[in-house]
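Visitor: The structure is given below, and queries will be raised subsequently.
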Amino acid sequence: MKALQIATILAAFSLNACSQEVRDYTIDVLEEYPHATDAYTQGLFFNDGRLYESTGQYGESSFRELDLQTGKILNSFKISNEYFAEGSVMLNGKLYMLTWESRVAFIYDAQTLKYEKAVRFPRQGWGLTTDGSQLIASDGSSLLYFLDPDLKLKKRLNVTLDGQPVRYLNELEWIDGRIWANVYTTDYILIINPKDGKVEGRIDCTGLLPDELRTPDTDVLNGIAIDATGNIYLTGKNWPKMYRIALKPAR
């Protein structure tokens, strides 16, 4: 992404720092866990107590079941080299996985991880989550797409911060009736009202991964998951750590 585009995204947050409608948060790290540095994290979620991750890059894309405590891969399968895997989630016994540029989504059996079919997807795939009845996808724009289990479009939602659209929405997670979204290339996560698209909260994750753990391969924050007890976990692309975090109001 061009430097000018990145600067524009960051400016959108700083210029709205005094918003009266948006709550600002920072984070406390409660616990840290190992995370594979070869995992270009695209999707991260829990289902039935199990932790899953989809990873990207052409020739390296995969889907994994992970042991949270050790970071060990318990089960996995590789995606064909022609596809760049993106967000993933499970709903109604199916595993859904998006691809970036190929305009196709894959559906698997959630229990066996056996491939079932490919479905045409008429836009880029970025993030994917579910509210328990429908799928919610991002495509790198300011739009979120609400889909039925057959991936048919139900509605579009434009995400705005103080009335201005917020682009580069990436990995998604449904948490307490709100959509959390990584903003690509930044250290921010947004908390979005799914009814009107308004950003209600802004989480500054700056410094989550310490500088001493970064290498030339370390990429951006991307990966949000909540477990059945309400614990929230964050990681990033090629990060060596995953973190259990808590929000605290920013001063």
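Each chain of the structure tokens is named A, B, ... in the order shown, its residues numbered from 1; ligands are numbered from 1 in display order.
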If we count only C-alpha atoms, what is near segment 159-174 of chain A at a cut-off of 6 Å, once residues fewer than 6 positions away on the same chain are taken out, given as an mmCIF file with all heavy atoms, in the first residue's frame?
Guide:
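Written out: selection-v9.cif:
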data_model
loop_
_atom_site.group_PDB
_atom_site.id
_atom_site.type_symbol
_atom_site.label_atom_id
_atom_site.label_comp_id
_atom_site.auth_asym_id
_atom_site.auth_seq_id
_atom_site.Cartn_x
_atom_site.Cartn_y
_atom_site.Cartn_z
ATOM 1 N N TRP A 126 -11.843 -10.190 2.414
ATOM 2 C CA TRP A 126 -10.901 -9.758 3.448
ATOM 3 C C TRP A 126 -11.275 -10.450 4.770
ATOM 4 O O TRP A 126 -10.846 -11.546 5.021
ATOM 5 C CB TRP A 126 -10.908 -8.224 3.579
ATOM 6 C CG TRP A 126 -10.184 -7.510 2.470
ATOM 7 C CD1 TRP A 126 -10.266 -7.758 1.118
ATOM 8 C CD2 TRP A 126 -9.273 -6.414 2.603
ATOM 9 N NE1 TRP A 126 -9.475 -6.895 0.411
ATOM 10 C CE2 TRP A 126 -8.848 -6.044 1.297
ATOM 11 C CE3 TRP A 126 -8.783 -5.686 3.678
ATOM 12 C CZ2 TRP A 126 -7.949 -4.993 1.070
ATOM 13 C CZ3 TRP A 126 -7.891 -4.630 3.448
ATOM 14 C CH2 TRP A 126 -7.478 -4.307 2.163
ATOM 15 N N GLY A 127 -12.118 -9.817 5.583
ATOM 16 C CA GLY A 127 -12.487 -10.404 6.867
ATOM 17 C C GLY A 127 -13.834 -11.103 6.816
ATOM 18 O O GLY A 127 -14.653 -10.845 5.928
ATOM 19 N N LEU A 128 -14.065 -11.987 7.808
ATOM 20 C CA LEU A 128 -15.320 -12.738 7.872
ATOM 21 C C LEU A 128 -15.643 -13.084 9.313
ATOM 22 O O LEU A 128 -14.769 -13.535 10.068
ATOM 23 C CB LEU A 128 -15.200 -14.019 7.038
ATOM 24 C CG LEU A 128 -16.477 -14.832 6.819
ATOM 25 C CD1 LEU A 128 -17.487 -14.049 5.986
ATOM 26 C CD2 LEU A 128 -16.150 -16.151 6.127
ATOM 27 N N THR A 129 -16.899 -12.862 9.707
ATOM 28 C CA THR A 129 -17.366 -13.276 11.019
ATOM 29 C C THR A 129 -18.844 -13.623 10.917
ATOM 30 O O THR A 129 -19.430 -13.627 9.822
ATOM 31 C CB THR A 129 -17.118 -12.182 12.079
ATOM 32 O OG1 THR A 129 -17.362 -12.717 13.389
ATOM 33 C CG2 THR A 129 -18.010 -10.969 11.864
ATOM 34 N N ASP A 131 -22.800 -13.352 13.269
ATOM 35 C CA ASP A 131 -23.559 -12.989 14.470
ATOM 36 C C ASP A 131 -24.359 -14.171 14.990
ATOM 37 O O ASP A 131 -25.176 -14.035 15.887
ATOM 38 C CB ASP A 131 -24.479 -11.798 14.185
ATOM 39 C CG ASP A 131 -25.525 -12.106 13.114
ATOM 40 O OD1 ASP A 131 -25.587 -13.258 12.625
ATOM 41 O OD2 ASP A 131 -26.287 -11.184 12.754
ATOM 42 N N GLY A 140 -12.155 -4.623 2.285
ATOM 43 C CA GLY A 140 -11.129 -3.600 2.258
ATOM 44 C C GLY A 140 -11.650 -2.197 2.047
ATOM 45 O O GLY A 140 -10.888 -1.235 2.102
ATOM 46 N N SER A 141 -12.933 -2.076 1.817
ATOM 47 C CA SER A 141 -13.557 -0.760 1.667
ATOM 48 C C SER A 141 -14.153 -0.349 3.015
ATOM 49 O O SER A 141 -13.819 -0.914 4.056
ATOM 50 C CB SER A 141 -14.650 -0.825 0.603
ATOM 51 O OG SER A 141 -15.755 -1.586 1.072
ATOM 52 N N SER A 142 -15.054 0.622 2.996
ATOM 53 C CA SER A 142 -15.781 1.019 4.204
ATOM 54 C C SER A 142 -17.066 0.220 4.376
ATOM 55 O O SER A 142 -17.821 0.463 5.318
ATOM 56 C CB SER A 142 -16.122 2.509 4.156
ATOM 57 O OG SER A 142 -17.001 2.776 3.080
ATOM 58 N N TRP A 180 -16.232 -5.959 15.738
ATOM 59 C CA TRP A 180 -14.883 -5.428 15.900
ATOM 60 C C TRP A 180 -14.147 -5.632 14.581
ATOM 61 O O TRP A 180 -14.223 -6.712 13.983
ATOM 62 C CB TRP A 180 -14.145 -6.149 17.018
ATOM 63 C CG TRP A 180 -14.603 -5.806 18.406
ATOM 64 C CD1 TRP A 180 -15.873 -5.480 18.802
ATOM 65 C CD2 TRP A 180 -13.806 -5.776 19.586
ATOM 66 N NE1 TRP A 180 -15.917 -5.254 20.148
ATOM 67 C CE2 TRP A 180 -14.652 -5.431 20.667
ATOM 68 C CE3 TRP A 180 -12.465 -6.021 19.848
ATOM 69 C CZ2 TRP A 180 -14.190 -5.319 21.969
ATOM 70 C CZ3 TRP A 180 -11.992 -5.913 21.144
ATOM 71 C CH2 TRP A 180 -12.848 -5.561 22.200
ATOM 72 N N ALA A 181 -13.423 -4.617 14.144
ATOM 73 C CA ALA A 181 -12.737 -4.687 12.855
ATOM 74 C C ALA A 181 -11.336 -4.112 12.957
ATOM 75 O O ALA A 181 -11.157 -2.967 13.406
ATOM 76 C CB ALA A 181 -13.515 -3.921 11.782
ATOM 77 N N ASN A 182 -10.344 -4.914 12.550
ATOM 78 C CA ASN A 182 -9.004 -4.362 12.346
ATOM 79 C C ASN A 182 -9.044 -3.376 11.184
ATOM 80 O O ASN A 182 -9.742 -3.600 10.193
ATOM 81 C CB ASN A 182 -8.009 -5.469 11.973
ATOM 82 C CG ASN A 182 -7.532 -6.271 13.167
ATOM 83 O OD1 ASN A 182 -7.796 -7.456 13.256
ATOM 84 N ND2 ASN A 182 -6.807 -5.627 14.062
ATOM 85 N N VAL A 183 -8.315 -2.287 11.292
ATOM 86 C CA VAL A 183 -8.131 -1.371 10.171
ATOM 87 C C VAL A 183 -6.738 -1.632 9.603
ATOM 88 O O VAL A 183 -5.732 -1.385 10.267
ATOM 89 C CB VAL A 183 -8.288 0.099 10.594
ATOM 90 C CG1 VAL A 183 -8.112 1.017 9.382
ATOM 91 C CG2 VAL A 183 -9.645 0.321 11.238
ATOM 92 N N TYR A 184 -6.704 -2.152 8.400
ATOM 93 C CA TYR A 184 -5.458 -2.622 7.803
ATOM 94 C C TYR A 184 -4.387 -1.536 7.774
ATOM 95 O O TYR A 184 -4.680 -0.380 7.444
ATOM 96 C CB TYR A 184 -5.734 -3.124 6.383
ATOM 97 C CG TYR A 184 -4.534 -3.713 5.689
ATOM 98 C CD1 TYR A 184 -3.834 -4.775 6.252
ATOM 99 C CD2 TYR A 184 -4.107 -3.210 4.460
ATOM 100 C CE1 TYR A 184 -2.734 -5.314 5.607
ATOM 101 C CE2 TYR A 184 -3.016 -3.753 3.807
ATOM 102 C CZ TYR A 184 -2.324 -4.799 4.392
ATOM 103 O OH TYR A 184 -1.239 -5.323 3.758
ATOM 104 N N GLY A 197 -23.877 1.230 11.316
ATOM 105 C CA GLY A 197 -22.515 1.335 10.807
ATOM 106 C C GLY A 197 -21.647 2.358 11.520
ATOM 107 O O GLY A 197 -20.483 2.548 11.150
ATOM 108 N N LYS A 198 -22.177 3.013 12.537
ATOM 109 C CA LYS A 198 -21.385 4.022 13.235
ATOM 110 C C LYS A 198 -20.316 3.383 14.118
ATOM 111 O O LYS A 198 -20.578 2.392 14.799
ATOM 112 C CB LYS A 198 -22.285 4.918 14.083
ATOM 113 C CG LYS A 198 -23.185 5.832 13.275
ATOM 114 C CD LYS A 198 -24.010 6.740 14.176
ATOM 115 C CE LYS A 198 -24.893 7.686 13.361
ATOM 116 N NZ LYS A 198 -25.715 8.559 14.241
ATOM 117 N N VAL A 199 -19.125 3.966 14.088
ATOM 118 C CA VAL A 199 -18.051 3.537 14.975
ATOM 119 C C VAL A 199 -18.348 4.077 16.368
ATOM 120 O O VAL A 199 -18.441 5.285 16.576
ATOM 121 C CB VAL A 199 -16.682 4.035 14.479
ATOM 122 C CG1 VAL A 199 -15.596 3.716 15.507
ATOM 123 C CG2 VAL A 199 -16.348 3.409 13.128
#
Visitor: Check which residues of segment 194-242 of chain A sit at most 12 Å from segment 78-91 of chain A using only C-alpha atoms, and return one row each with the closest pair of atoms and their distance in Å to one decimal, ordered by chain and rising number, as a tab-separated table.
Guide:
residue	atom	partner	partner_atom	distance
A:Asn222	CA	A:Gly87	CA	10.4
A:Gly223	CA	A:Gly87	CA	9.5
A:Ile224	CA	A:Gly87	CA	11.0
A:Ala225	CA	A:Val89	CA	10.6
A:Lys237	CA	A:Glu86	CA	11.8
Visitor: Could you check which of A:Arg64, A:Arg178, A:Arg251, A:Arg123 is closest to Ile192 of chain A, using only C-alpha atoms?
Guide: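 Ranking A:Arg64, A:Arg178, A:Arg251, A:Arg123 by distance to Ile192 of chain A, first place goes to A:Arg178.
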Visitor: Hey, what's within 12 Å of Ile73 of chain A if we count only C-alpha atoms and toss same-chain stuff fewer than 6 positions away? As a PDB file with C-alpha atoms, in the first residue's frame, please?
Guide:
ATOM      1  CA  PRO A  34       3.160 -18.614  21.405  1.00  0.00           C
ATOM      2  CA  HIS A  35       2.105 -17.933  17.806  1.00  0.00           C
ATOM      3  CA  ALA A  36       3.706 -19.316  14.650  1.00  0.00           C
ATOM      4  CA  ASP A  38       4.925 -18.447   9.480  1.00  0.00           C
ATOM      5  CA  ALA A  39       1.221 -17.674  10.027  1.00  0.00           C
ATOM      6  CA  ARG A  50     -11.427 -24.856  19.699  1.00  0.00           C
ATOM      7  CA  LEU A  51      -9.162 -22.151  18.270  1.00  0.00           C
ATOM      8  CA  TYR A  52      -8.890 -21.828  14.493  1.00  0.00           C
ATOM      9  CA  GLU A  53      -6.829 -19.657  12.161  1.00  0.00           C
ATOM     10  CA  SER A  54      -6.721 -19.107   8.410  1.00  0.00           C
ATOM     11  CA  SER A  62      -3.714 -22.746   5.106  1.00  0.00           C
ATOM     12  CA  PHE A  63      -6.372 -23.432   7.711  1.00  0.00           C
ATOM     13  CA  ARG A  64      -5.302 -24.581  11.180  1.00  0.00           C
ATOM     14  CA  GLU A  65      -6.671 -25.760  14.489  1.00  0.00           C
ATOM     15  CA  LEU A  66      -4.346 -24.519  17.229  1.00  0.00           C
ATOM     16  CA  ASP A  67      -3.521 -25.344  20.815  1.00  0.00           C
TER      17      ASP A  67
END
Visitor: Considering only C-alpha atoms, can you say which of A:Arg214, A:Lys155, A:Arg23, A:Lys195 comes closest to Pro249 of chain A?
Guide: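 Closest to Pro249 of chain A, using only C-alpha atoms: A:Arg23.
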